[in-house]
Amino acid sequence: MPSGVRPGPKPKTHPDSATPDAAAPLLASVSATDDVSDNPISPPDKSFRSQGNAGEDASKHDQSQLPLSSGLYLVATPIGNLGDITFRALEILKRADIILCEDTRTSGKLLSRYGVKTKRVAYHEHNAAKMRPEIMDRLGKGQGLALISDAGTPLINDPGYKLVRDCKAEGFNVTAAPGAASPIVALILSGLPSDHFFYAGFLPPKTMARKKELARFAPIPGSLIFLESPKRLAASLADMAEMLGGTREAAVTRELTKMFEEVRNGTLDELSTHYAEAGAPKGEVVVVVGPANEVDNEPSAEDIDARLSDLIKTHRTKDAADILAKETGLKKRDLYNRALELAKPDQE
């Protein structure tokens, strides 16, 4: 029996509830029967009622027709292929009092595909502060609310952590129906070490700010995971090669779980050159950079001089020493003194 499915009577099925194949297209519109709302949550129409519990054994009643126990349910949704939705996620979404969505129209495509007619309400970074008190009021009246993002696992680069924090502070139940997450999918497909990794999200769009951020990540002893815009990919890879080391192994993944899924491996120098020549790819991109090689942590004197000479062309001497100190773990003072020597006009 699939994980998350309880024994007992089968829930009623919908004509569209069959799992789609890998190439099944997203529906273009939301079912006319869906109750969609972009407005703040209005007070519940009903008083507190007894709740069915998604974790208990099935009773003589069909629990798929019962509301959820009161609380907030963080529900992961597919990142591409609509078949990557779990049985438990669908049951929660069908039984919830409302579904909080980043974009009700985007989520409507998935929910319509599986016959989920639960009312959808927008919850995103622009209305979160206004919506949280009304959501808390709903929870206080005993309702079960599901939170989903446009794709993947809620709270990973999406709004929601403040809501979870407030719910825990008030003593409301918070649980999750886990599933797809593009950073993890990219990591396991990259073929790069996964025993230690750091998820960095999106890098700053401006070059100097991006380099500064990359310098902070350079000493981390593990694989690094970044989200990136296709149009900035080549520039970001070039900055990664400069700040993290051009020989570091990396992988550029795009359109994960979709028809045109691609994973391109190579060094940062190789990937930077490829995308500079090929242009921006299509689709959503996740970049995985492998950990620095041990030999890279013990650079030779010639390597240090070469790197410092390159850095002081575009950075102040102090900043150049700071960057290299973070990259190598060497003492900043020693690197600063060497950078001063290299910067002398008569230096051979």
# chains A, B, ... in the order shown; residues from 1 in each chain; ligands from 1
>>> residues_around(residues="range 287-292 of chain A", least_positions_apart="6", cutoff="7 Å", atoms="only C-alpha atoms", output="list in words")
Leu187, Ser190, Leu192, Pro193, Pro221, Gly222, Ser223, Leu224, Ile225, Phe226, Leu227, Arg248, Glu249, Ala250, Ala251, Val252 and Thr253 of chain A
>>> select_by_dssp(residues="range 72-264 of chain A", states="helix (DSSP H, G or I)", output="number ranges by chain")
A: 87-95, 104-113, 128-140, 161-170, 182-190, 207-217, 230-244
>>> residues_around(residues="range 312-324 of chain A", least_positions_apart="4", cutoff="9 Å", atoms="only C-alpha atoms", output="ChimeraX atom specification")
/A:212,215-216,243,304,307-308,328-340,342-343
>>> closest_residue(among="A:Gly142, A:Pro230, A:Pro154, A:Gly266", to="Ile79 in chain A", atoms="only C-alpha atoms")
A:Pro154
>>> closest_residue(among="A:Leu82, A:Glu262, A:Leu139, A:Leu72", to="Thr175 in chain A", atoms="only C-alpha atoms")
A:Leu72
